[in-house]
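Below is one structure, written out as structure tokens; the observations come after it.
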Amino acid sequence: MMSSGRFLTPLHLQDVDGQQWILLTPLVYRTRAWRLITVPAGFETDFASIPRGLWNILPKHGRQDKAAVLHDYLYVHNGVTRAEADALFREAMEAEGVGRVARNAMYLGVRIGGGRTWDRYRAAEHTT
């Protein structure tokens, strides 16, 4: 039986430079399928990569913050496919109460614009 996804811990961050934030405590998410994903303390994030011109419509910070940190982590630390990472982003936004229109717009944004970032992280895996 599928349940709702849910964050099991609060989000505790420290601003590094106004663009990057560092996770101070682990962020734990339980997926609908009851899989636990832990974003470790020390992980750096830039939250949702929403172009500045769209911030009035889709703010860079808000209810989607935890989902954005999870999504950044899934892109950096490859353990799922890109489609799975993006789907978990949408699922986690729903769990946090992000409205359907905003949730779907941000999901479509990562599906359309996330490929370059995903590829950059995969290339870095092969050079280290």
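Letters for chains follow the order of the structure tokens (A, B, ...), residue numbers begin at 1 for each chain, and ligand numbers begin at 1 in the order shown.
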Do a neighbour search on Ala124 in chain A at 12 Å with only C-alpha atoms, toss out local chain neighbours closer than 3 positions, and write the hits as number ranges by chain.
A: 75-78, 117-121, 127-128
Write a file of the selected residues as a PDB file, in the first residue's frame, keeping N, CA, C and O atoms.
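What follows is the written file out-v7.pdb:
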ATOM      1  N   TYR A  75      20.543  14.778  -7.247  1.00  0.00           N
ATOM      2  CA  TYR A  75      21.284  15.098  -8.464  1.00  0.00           C
ATOM      3  C   TYR A  75      22.787  14.940  -8.246  1.00  0.00           C
ATOM      4  O   TYR A  75      23.490  14.443  -9.118  1.00  0.00           O
ATOM      5  N   VAL A  76      23.280  15.352  -7.101  1.00  0.00           N
ATOM      6  CA  VAL A  76      24.718  15.301  -6.831  1.00  0.00           C
ATOM      7  C   VAL A  76      25.179  13.876  -6.559  1.00  0.00           C
ATOM      8  O   VAL A  76      26.203  13.432  -7.077  1.00  0.00           O
ATOM      9  N   HIS A  77      24.450  13.157  -5.738  1.00  0.00           N
ATOM     10  CA  HIS A  77      24.841  11.813  -5.320  1.00  0.00           C
ATOM     11  C   HIS A  77      23.965  10.800  -6.023  1.00  0.00           C
ATOM     12  O   HIS A  77      22.878  10.468  -5.556  1.00  0.00           O
ATOM     13  N   ASN A  78      24.459  10.331  -7.146  1.00  0.00           N
ATOM     14  CA  ASN A  78      23.688   9.480  -8.027  1.00  0.00           C
ATOM     15  C   ASN A  78      23.374   8.131  -7.382  1.00  0.00           C
ATOM     16  O   ASN A  78      24.251   7.348  -7.125  1.00  0.00           O
ATOM     17  N   THR A 117      22.551  20.158 -15.713  1.00  0.00           N
ATOM     18  CA  THR A 117      23.103  20.002 -14.364  1.00  0.00           C
ATOM     19  C   THR A 117      23.343  18.532 -14.051  1.00  0.00           C
ATOM     20  O   THR A 117      24.394  18.159 -13.527  1.00  0.00           O
ATOM     21  N   TRP A 118      22.388  17.682 -14.366  1.00  0.00           N
ATOM     22  CA  TRP A 118      22.535  16.237 -14.155  1.00  0.00           C
ATOM     23  C   TRP A 118      23.782  15.727 -14.878  1.00  0.00           C
ATOM     24  O   TRP A 118      24.605  15.003 -14.303  1.00  0.00           O
ATOM     25  N   ASP A 119      23.931  16.102 -16.146  1.00  0.00           N
ATOM     26  CA  ASP A 119      25.079  15.655 -16.941  1.00  0.00           C
ATOM     27  C   ASP A 119      26.396  16.150 -16.360  1.00  0.00           C
ATOM     28  O   ASP A 119      27.400  15.423 -16.372  1.00  0.00           O
ATOM     29  N   ARG A 120      26.416  17.376 -15.842  1.00  0.00           N
ATOM     30  CA  ARG A 120      27.635  17.928 -15.238  1.00  0.00           C
ATOM     31  C   ARG A 120      28.040  17.092 -14.018  1.00  0.00           C
ATOM     32  O   ARG A 120      29.211  16.760 -13.854  1.00  0.00           O
ATOM     33  N   TYR A 121      27.099  16.724 -13.197  1.00  0.00           N
ATOM     34  CA  TYR A 121      27.422  15.893 -12.024  1.00  0.00           C
ATOM     35  C   TYR A 121      27.860  14.485 -12.442  1.00  0.00           C
ATOM     36  O   TYR A 121      28.774  13.923 -11.853  1.00  0.00           O
ATOM     37  N   THR A 127      35.543  11.880 -13.479  1.00  0.00           N
ATOM     38  CA  THR A 127      36.862  12.531 -13.454  1.00  0.00           C
ATOM     39  C   THR A 127      37.492  12.518 -12.082  1.00  0.00           C
ATOM     40  O   THR A 127      38.619  12.944 -11.938  1.00  0.00           O
ATOM     41  N   THR A 128      36.737  12.076 -11.075  1.00  0.00           N
ATOM     42  CA  THR A 128      37.310  12.050  -9.718  1.00  0.00           C
ATOM     43  C   THR A 128      37.688  10.664  -9.301  1.00  0.00           C
ATOM     44  O   THR A 128      37.375   9.693  -9.873  1.00  0.00           O
TER      45      THR A 128
END
I need the residues of range 14-112 of chain A that end up classed as helix (DSSP H, G or I) by DSSP on the backbone, written out as number ranges by chain.
A: 52-54, 65-76, 82-95, 100-112
In Å, with one decimal, what is the gap from CA of Gly5 in chain A to CA of Trp21 in chain A?
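So the answer is 24.0 Å.
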When DSSP is applied to the backbone of this structure, which of range 11-111 of chain A are assigned strand (DSSP E)? Write them out as a ChimeraX atom specification.
/A:13-15,21-23,27-30,36-39,44-45
Set the distance at 12 Å and use only C-alpha atoms: which residues neighbour Asp17 in chain A once local chain neighbours fewer than 3 positions away are removed? I'd like the list as a PDB file with N, CA, C and O atoms, in the first residue's frame.
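Writing done, so here's result-v8.pdb:
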ATOM      1  N   GLN A  14      22.492  26.818   7.337  1.00  0.00           N
ATOM      2  CA  GLN A  14      23.244  28.044   7.585  1.00  0.00           C
ATOM      3  C   GLN A  14      23.590  28.659   6.240  1.00  0.00           C
ATOM      4  O   GLN A  14      24.055  27.970   5.329  1.00  0.00           O
ATOM      5  N   GLN A  20      24.489  29.939  -1.522  1.00  0.00           N
ATOM      6  CA  GLN A  20      24.656  28.561  -1.072  1.00  0.00           C
ATOM      7  C   GLN A  20      24.314  28.470   0.415  1.00  0.00           C
ATOM      8  O   GLN A  20      24.575  29.402   1.177  1.00  0.00           O
ATOM      9  N   TRP A  21      23.774  27.345   0.796  1.00  0.00           N
ATOM     10  CA  TRP A  21      23.400  27.061   2.174  1.00  0.00           C
ATOM     11  C   TRP A  21      23.974  25.710   2.539  1.00  0.00           C
ATOM     12  O   TRP A  21      24.098  24.826   1.681  1.00  0.00           O
ATOM     13  N   ILE A  22      24.317  25.521   3.809  1.00  0.00           N
ATOM     14  CA  ILE A  22      24.857  24.249   4.266  1.00  0.00           C
ATOM     15  C   ILE A  22      23.894  23.633   5.278  1.00  0.00           C
ATOM     16  O   ILE A  22      23.375  24.324   6.152  1.00  0.00           O
ATOM     17  N   GLU A  44      25.758  20.949   0.770  1.00  0.00           N
ATOM     18  CA  GLU A  44      25.491  22.320   0.329  1.00  0.00           C
ATOM     19  C   GLU A  44      24.424  22.334  -0.749  1.00  0.00           C
ATOM     20  O   GLU A  44      24.400  21.474  -1.620  1.00  0.00           O
ATOM     21  N   THR A  45      23.559  23.329  -0.681  1.00  0.00           N
ATOM     22  CA  THR A  45      22.442  23.451  -1.613  1.00  0.00           C
ATOM     23  C   THR A  45      22.278  24.904  -2.045  1.00  0.00           C
ATOM     24  O   THR A  45      22.702  25.821  -1.334  1.00  0.00           O
ATOM     25  N   ASP A  46      21.644  25.093  -3.192  1.00  0.00           N
ATOM     26  CA  ASP A  46      21.257  26.442  -3.619  1.00  0.00           C
ATOM     27  C   ASP A  46      19.732  26.551  -3.695  1.00  0.00           C
ATOM     28  O   ASP A  46      19.203  27.476  -4.283  1.00  0.00           O
TER      29      ASP A  46
END
Option closest in space to His12 in chain A, from A:Asp65, A:Ile37, A:Ala95, A:Arg32 [counting only C-alpha atoms]
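With only C-alpha atoms as the atom set, the closest residue is A:Asp65.
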Point-to-point distance in Å for CA of Thr38 in chain A and CA of Pro26 in chain A
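Separating CA of Pro26 in chain A from CA of Thr38 in chain A is a distance of 6.4 Å.
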Nearest-residue call for Gly62 in chain A, choices A:Glu96, A:Asp15, A:Glu91, A:Asp86, using only C-alpha atoms:
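Ranking A:Glu96, A:Asp15, A:Glu91, A:Asp86 by distance to Gly62 in chain A, first place goes to A:Glu96.
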When you count only C-alpha atoms, which of these residues is closest to Leu70 in chain A: A:Arg100, A:His126, A:Arg111, A:Arg30?
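The shortest atom-to-atom distance to Leu70 in chain A comes from A:Arg30.
Between Met93 in chain A and the residues A:Val28, A:Ala105, A:Ala67, A:Val80, the shortest atom-to-atom distance, using only C-alpha atoms, involves A:Ala67.
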One number please: CA of Arg82 in chain A to CA of Phe7 in chain A, in Å, one decimal.
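Going from CA of Arg82 in chain A over to CA of Phe7 in chain A, I get 20.6 Å.
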